There are 2 protein chains.
Amino acid sequence: MSRAGVAAPDSPLAILCGAGLFPLEVAGEARRAGREPFLVGVVGTTDSAIESYPHVWVRMGEVGKLFDALRARAVAELVIVGAMTRPEFADLRLDWGAVRRAAGLAQLFRRGDNGLLVGLAQIIEREGIRVVGAHEVAPRLLAPLGPLGARAVSPGDEADVALGARIIDALSGFDAGQGAVVGAGRVLAIEAAEGTDAMLARVAEMRESGRLRFAGPAGVLVKAPKRGQDLRLDMPAIGPRTIEGAAKAQLRGAAVAAGGVLIVERERLARMADAAGLFVAGFASADAAR
Amino acid sequence: MSRAGVAAPDSPLAILCGAGLFPLEVAGEARRAGREPFLVGVVGTTDSAIESYPHVWVRMGEVGKLFDALRARAVAELVIVGAMTRPEFADLRLDWGAVRRAAGLAQLFRRGDNGLLVGLAQIIEREGIRVVGAHEVAPRLLAPLGPLGARAVSPGDEADVALGARIIDALSGFDAGQGAVVGAGRVLAIEAAEGTDAMLARVAEMRESGRLRFAGPAGVLVKAPKRGQDLRLDMPAIGPRTIEGAAKAQLRGAAVAAGGVLIVERERLARMADAAGLFVAGFASADAAR
């Protein structure tokens, strides 16, 4: 499946691709940096657009096939990118390579989302493959400091951004979400297992039902990684869908920790934010979180 | 409006009644303790069943009428009970007594829900009326230690209860919610402006959509007051509706801080929990939160 003359067999970078197009952005960045990517698609999850790169398809549970494919290409480094649905253990199609590692896999399903990824990374590293973060492979995809679109954070929003960052910081010790919505000094929503999109939908609902009443746009989505989090595995991200959700929730904008949040489809995201009158900006997290 | 021979004019207790029937339970407890209650109903919010007690109806914003009524009965103490919809300043029907206090009222609307109540209490106390808590007037309505219905907390649930209590504790510094749902060591939902019922509905949704997958009942609702919270004003509460929501979310039960959470309609709540196979229990919060 790899194309002759394209792969760099001395040091290929494997990309375990979750849903969406973000894995392709990471692949593009890796190639730009002179590193040929080898994409691993998960059947039923990954977009078929990965086929424009050297790739292999595996089903959830085909752990043996995964490691065989990585070994055949002498992959030494792997990055996990994009949303991955948490599977039920019973739904996995375990192959022989999985059964051999079954004890380790079964343990994963007793953990939270973050614990699951940490365990997955351990299993991969036990095979001699280093797990790296998208931010290491494609640092240009990280949120910069300051505005991404035409609008900047207003002085009036800054207190809300700081409050949101403090809440995420306070929840650092827990395997919970990495987002909050704060408006006019009030904590409107805190993210846990439902994810950012569902949290924004909830704020939209509270606006529509009159439970939250503001005149015009109000509130800020704040996203930041938890303190002490392994950024290789579960780095927070925003993308066009986040902006869509923020617009429906009638927010004023989105603030993300500079260097700590990945930006998916940056150009389209910035255009959408501009069109919706929202700001999107990176904040200096060390300042904001204290 | 007060009935001759029933009111105790030397020390009547005023009850500012929010929605639901809980204000009547508090009134019943006060009367049982030998203290005649005087109920203040808010038009459009309070249940008309308060009319079985000495009472007065006011519209939101009729601050002058409220204080005139309290003064006419020489009310020295007032308790605020039941859910109060946060009004828009523009929707208030301000009377002359309100206009006289307008500066104070306007300030309230810049605060969070908790800040709003704190400010309201300050305005009331500025009139020489002491604001007391439902837990002081009706201590029998507080959650006891241990189970309320037939089922007890299983050893397997205890870690989840403790985790939920730690999360609420971590959020103590913020004017956010006082509830969380934890299951199998994972943080499933954290309450903010949406309230407990909406949080439970979200967990139900995640179960139905397969975002949260558990075999059978899983997860615990945990409610506890924030550290340093003024319990006179915003004490957490659970009632039959909470049990209904917990059952729909396929939880295993609800755990509340003993002595720190009010139980609305305790008998019906316990019956409903038994019928749904849920536990409802008070936990020792000092132990659980550390």
# chains A, B, ... in the order shown; residues from 1 in each chain; ligands from 1
>>> interface_residues(of="chain A", to="chain B", cutoff="7 Å", atoms="only C-alpha atoms", output="PDB file with C-alpha atoms, in the first residue's frame")
ATOM      1  CA  GLY A 112     -11.579   7.262  31.713  1.00  0.00           C
ATOM      2  CA  ALA A 170      -9.175  23.806  39.077  1.00  0.00           C
ATOM      3  CA  LEU A 171     -10.382  20.654  37.311  1.00  0.00           C
ATOM      4  CA  ASP A 175     -10.094  13.155  33.899  1.00  0.00           C
ATOM      5  CA  ALA A 176     -12.836  15.554  32.809  1.00  0.00           C
ATOM      6  CA  GLY A 185     -18.506  36.647  35.217  1.00  0.00           C
ATOM      7  CA  ARG A 186     -20.918  33.690  35.401  1.00  0.00           C
ATOM      8  CA  VAL A 187     -19.961  30.079  34.771  1.00  0.00           C
ATOM      9  CA  LEU A 188     -22.474  28.994  32.143  1.00  0.00           C
ATOM     10  CA  ALA A 189     -21.212  25.495  31.298  1.00  0.00           C
ATOM     11  CA  ILE A 190     -18.406  23.112  32.161  1.00  0.00           C
ATOM     12  CA  GLU A 191     -17.362  20.350  29.799  1.00  0.00           C
ATOM     13  CA  ALA A 192     -17.112  16.712  30.873  1.00  0.00           C
ATOM     14  CA  ALA A 193     -17.858  13.540  28.884  1.00  0.00           C
TER      15      ALA A 193
END
>>> residues_around(residues="region 221-229 of chain A", least_positions_apart="3", cutoff="7 Å", atoms="only C-alpha atoms", output="MDAnalysis selection string")
chainID A and resid 161 164:165 168:169 172 178:182 235:236 253:257 260:261
>>> atom_distance(atom1="CA of Ala258 (chain A)", atom2="CA of His135 (chain A)")
11.7 Å
>>> closest_residue(among="A:Leu120, A:Leu141, A:Ala72, A:Val43", to="Ala27 (chain A)", atoms="only C-alpha atoms")
A:Leu141
>>> select_by_dssp(residues="region 169-249 of chain B", states="helix (DSSP H, G or I)", output="list in words")
Asp169, Ala170, Gly195, Thr196, Asp197, Ala198, Met199, Leu200, Ala201, Arg202, Val203, Ala204, Glu205, Met206, Arg207, Glu208, Ser209, Pro240, Arg241, Thr242, Ile243, Glu244, Gly245, Ala246, Ala247 and Lys248 of chain B
>>> select_by_dssp(residues="region 24-273 of chain A", states="strand (DSSP E)", output="MDAnalysis selection string")
chainID A and resid 37:42 55:58 77:81 130:132 146:147 179:183 186:190 220:223 237:238 253:257 262:263
>>> residues_around(residues="Ala150 (chain A)", least_positions_apart="4", cutoff="12 Å", atoms="only C-alpha atoms", output="list of chain:residue names")
A:Gly146, A:Gly253, A:Glu267, A:Leu269, A:Ala270, A:Arg271, A:Met272, A:Ala273, A:Asp274, A:Ala275, A:Ala276, A:Gly277, A:Leu278, A:Phe279, A:Val280, A:Ala281
